[in-house]
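S.K.: File follows, run-v2.cif with mmCIF, C-alpha atoms:
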data_model
loop_
_atom_site.label_atom_id
_atom_site.label_comp_id
_atom_site.auth_asym_id
_atom_site.auth_seq_id
_atom_site.Cartn_x
_atom_site.Cartn_y
_atom_site.Cartn_z
CA MET E 941 -19.19 -9.72 4.24
CA GLY E 942 -18.58 -6.17 5.40
CA LYS E 943 -15.52 -3.99 5.19
CA PHE E 944 -12.59 -5.05 7.37
CA ASN E 945 -12.06 -3.10 10.57
CA LEU E 946 -8.96 -3.68 12.68
CA LYS E 947 -11.09 -3.18 15.81
CA ASP E 948 -13.05 -6.34 14.96
CA LEU E 949 -10.02 -8.62 15.40
CA LYS E 950 -9.83 -10.47 18.72
CA PHE E 951 -6.49 -9.87 20.37
CA ASP E 952 -5.66 -11.86 23.51
CA LYS E 953 -5.43 -10.40 27.04
CA ASN E 954 -1.89 -9.21 26.21
CA GLY E 955 -3.10 -7.45 23.09
CA LEU E 956 -1.58 -10.05 20.75
CA ILE E 957 -2.85 -12.14 17.86
CA PRO E 958 -0.97 -15.11 16.33
CA ALA E 959 0.20 -14.61 12.76
CA ILE E 960 0.88 -17.70 10.66
CA ILE E 961 3.35 -16.80 7.94
CA GLN E 962 2.97 -18.75 4.69
CA ASP E 963 4.86 -18.72 1.39
CA TYR E 964 2.42 -17.23 -1.10
CA LYS E 965 3.58 -19.47 -3.97
CA THR E 966 4.16 -22.86 -2.35
CA GLY E 967 1.75 -22.64 0.58
CA ALA E 968 4.52 -23.79 2.95
CA VAL E 969 4.12 -22.57 6.52
CA LEU E 970 7.26 -20.61 7.30
CA MET E 971 6.81 -19.43 10.88
CA VAL E 972 4.42 -18.24 13.56
CA ALA E 973 4.86 -14.96 15.38
CA TYR E 974 2.67 -12.47 17.23
CA MET E 975 1.34 -9.09 16.25
CA ASN E 976 -0.36 -6.39 18.23
CA ARG E 977 -2.48 -3.65 16.68
CA GLU E 978 0.48 -1.40 15.99
CA SER E 979 2.66 -4.12 14.43
CA LEU E 980 -0.27 -5.08 12.19
CA ARG E 981 -0.68 -1.41 11.19
CA ARG E 982 3.06 -1.24 10.41
CA THR E 983 2.84 -4.46 8.40
CA LEU E 984 -0.04 -3.05 6.35
CA ARG E 985 1.80 0.23 5.79
CA LEU E 986 5.27 -1.17 5.01
CA LYS E 987 4.12 -4.32 3.15
CA LYS E 988 6.79 -6.17 5.18
CA THR E 989 6.03 -8.28 8.24
CA CYS E 990 6.40 -6.51 11.56
CA PHE E 991 5.90 -8.38 14.82
CA TRP E 992 5.84 -7.79 18.55
CA SER E 993 8.59 -9.63 20.40
CA ARG E 994 7.12 -11.10 23.57
CA SER E 995 10.56 -11.66 25.09
CA ARG E 996 12.23 -8.36 24.14
CA LYS E 997 9.03 -6.29 24.40
CA GLU E 998 9.75 -4.46 21.16
CA TYR E 999 8.71 -4.32 17.51
CA TRP E 1000 10.78 -6.13 14.94
CA ILE E 1001 10.64 -6.19 11.17
CA LYS E 1002 11.51 -9.60 9.80
CA GLY E 1003 14.71 -9.28 7.80
CA LEU E 1004 15.89 -5.94 9.15
CA THR E 1005 19.10 -7.44 10.54
CA SER E 1006 19.36 -10.65 8.45
CA GLY E 1007 18.17 -9.35 5.10
CA HIS E 1008 15.59 -12.17 5.04
CA PHE E 1009 12.58 -9.94 4.51
CA GLN E 1010 9.00 -11.10 4.14
CA PHE E 1011 7.14 -9.05 1.56
CA VAL E 1012 3.41 -9.20 2.26
CA LYS E 1013 1.19 -10.38 -0.58
CA ALA E 1014 -2.07 -10.84 1.37
CA ILE E 1015 -3.39 -11.04 4.92
CA TYR E 1016 -6.38 -13.17 5.91
CA TYR E 1017 -8.14 -13.57 9.24
CA ASP E 1018 -9.89 -16.70 10.44
CA CYS E 1019 -13.59 -17.26 11.10
CA ASP E 1020 -13.21 -16.42 14.81
CA MET E 1021 -11.16 -13.32 13.99
CA ASP E 1022 -8.48 -14.40 16.48
CA ALA E 1023 -5.67 -15.51 14.14
CA LEU E 1024 -4.01 -14.15 11.01
CA LEU E 1025 -2.63 -15.86 7.92
CA VAL E 1026 -0.02 -13.71 6.23
CA LYS E 1027 1.03 -14.77 2.73
CA VAL E 1028 4.50 -13.51 1.90
CA ARG E 1029 7.32 -13.60 -0.59
CA GLN E 1030 10.14 -14.83 1.60
CA VAL E 1031 13.69 -13.70 0.89
CA GLY E 1032 16.17 -16.24 2.25
CA ALA E 1033 15.46 -18.24 5.39
CA ALA E 1034 12.41 -17.58 7.55
CA CYS E 1035 13.88 -19.32 10.60
CA HIS E 1036 16.61 -17.86 12.76
CA THR E 1037 18.38 -21.26 12.50
CA GLY E 1038 18.92 -20.69 8.79
CA ASN E 1039 16.19 -23.11 7.70
CA ARG E 1040 13.66 -22.00 5.10
CA SER E 1041 10.85 -22.76 7.57
CA CYS E 1042 10.73 -22.88 11.35
CA PHE E 1043 8.78 -26.14 10.93
CA TYR E 1044 11.64 -28.40 9.93
CA ARG E 1045 11.32 -30.89 12.81
CA LYS E 1046 8.70 -33.61 12.97
CA ILE E 1047 7.28 -35.33 16.04
CA SER E 1048 8.03 -39.02 15.66
CA GLY E 1049 6.18 -41.91 17.21
CA THR E 1050 2.54 -42.82 17.37
CA VAL E 1051 0.44 -40.02 18.72
CA LEU E 1052 -2.96 -41.36 17.72
CA LYS E 1053 -4.05 -44.98 18.11
CA SER E 1054 -5.92 -45.32 14.84
CA LYS E 1055 -6.51 -43.60 11.55
CA ARG E 1056 -10.15 -43.21 12.56
CA GLU E 1057 -9.14 -40.74 15.27
CA LEU E 1058 -7.72 -38.52 12.54
CA SER E 1059 -11.03 -38.38 10.66
CA PRO E 1060 -14.01 -38.65 13.00
CA LYS E 1061 -17.23 -39.59 11.25
CA ARG E 1062 -19.57 -36.68 10.78
CA ASP E 1063 -23.33 -36.74 10.80
CA THR E 1064 -24.15 -35.00 7.53
CA SER E 1065 -27.92 -35.09 7.85
CA PRO E 1066 -29.44 -31.68 7.05
CA ASN E 1067 -30.83 -31.21 10.58
CA ARG E 1068 -27.49 -31.77 12.35
CA SER E 1069 -24.62 -29.41 13.04
CA ARG E 1070 -21.65 -29.86 10.69
CA THR E 1071 -19.12 -29.57 13.50
CA VAL E 1072 -17.41 -32.48 15.16
CA PRO E 1073 -17.82 -32.56 18.96
CA SER E 1074 -14.60 -32.44 20.96
#
Show the structure stored in the file as structure tokens.

M.R.:
Amino acid sequence: MGKFNLKDLKFDKNGLIPAIIQDYKTGAVLMVAYMNRESLRRTLRLKKTCFWSRSRKEYWIKGLTSGHFQFVKAIYYDCDMDALLVKVRQVGAACHTGNRSCFYRKISGTVLKSKRELSPKRDTSPNRSRTVPS
């Protein structure tokens, strides 16, 4: 594994990359927001999360108006280099609704027909790919 280079990350056609924000102690997912190169640079420099607002077309530091800052503990990138996981110490609520997490609502009802669909059987023979076909 080589040294990290910001240029290696894969930003979308709008120059954005999704950032999953996670509580560094509990592992709870707090929110998802988007960063561009500059907001990621600001996040690294300030050690507080900074995002790009797609609707307002401006940078925003989480907590600047609410006081609910996210202090960055670590930032990871995924295997495809097209998503970030930002582990933070959250002060107060992460969600603008006042909830600790933006993920406080659950989809109810049966989405999948069987438990088997949740865990497709894998062929683990040494000559086969370890990925599950879609």

S.K.: If you apply the PyMOL selection byres ((chain E and resi 964-973) around 10) to this file, what residues do you get, as a PyMOL selection string?

M.R.: chain E and resi 956-963+974-975+989-994+1011-1014+1024-1030+1033-1035+1039-1044

S.K.: Can you translate the PyMOL selection byres ((chain E and resi 950) around 6) into the concrete residues it hits in this file, as a ChimeraX atom specification?

M.R.: /E:949,951,1021-1022

S.K.: Would you save the residues from that selection as an mmCIF file, keeping the file's coordinate frame, using C-alpha atoms?

M.R.:
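Below is the file that was written, part05.cif:
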data_model
loop_
_atom_site.group_PDB
_atom_site.id
_atom_site.type_symbol
_atom_site.label_atom_id
_atom_site.label_comp_id
_atom_site.auth_asym_id
_atom_site.auth_seq_id
_atom_site.Cartn_x
_atom_site.Cartn_y
_atom_site.Cartn_z
ATOM 1 C CA LEU E 949 -10.020 -8.620 15.400
ATOM 2 C CA PHE E 951 -6.490 -9.870 20.370
ATOM 3 C CA MET E 1021 -11.160 -13.320 13.990
ATOM 4 C CA ASP E 1022 -8.480 -14.400 16.480
#

S.K.: I'd like the residues picked by the PyMOL selection byres ((chain E and resi 946) around 9) written out as number ranges by chain, using the chain letters and numbers from the file.

M.R.: E: 944-945, 947-949, 977, 980-981

S.K.: Just give me the gap between CA of Glu978 (chain E) and CA of Trp1000 (chain E) in Å, one decimal is fine.

M.R.: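 Computed distance, CA of Glu978 (chain E) to CA of Trp1000 (chain E), equals 11.4 Å.
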
S.K.: Give me, please, the distance in Å between CA of Asp1020 (chain E) and CA of Arg996 (chain E), quoted to one decimal.

M.R.: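 A separation of 28.3 Å between them.
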
S.K.: Do you have the CA of Leu1004 (chain E)-CA of Asn976 (chain E) distance handy?

M.R.: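 Computing the Euclidean distance for CA of Leu1004 (chain E) and CA of Asn976 (chain E) yields 18.6 Å.
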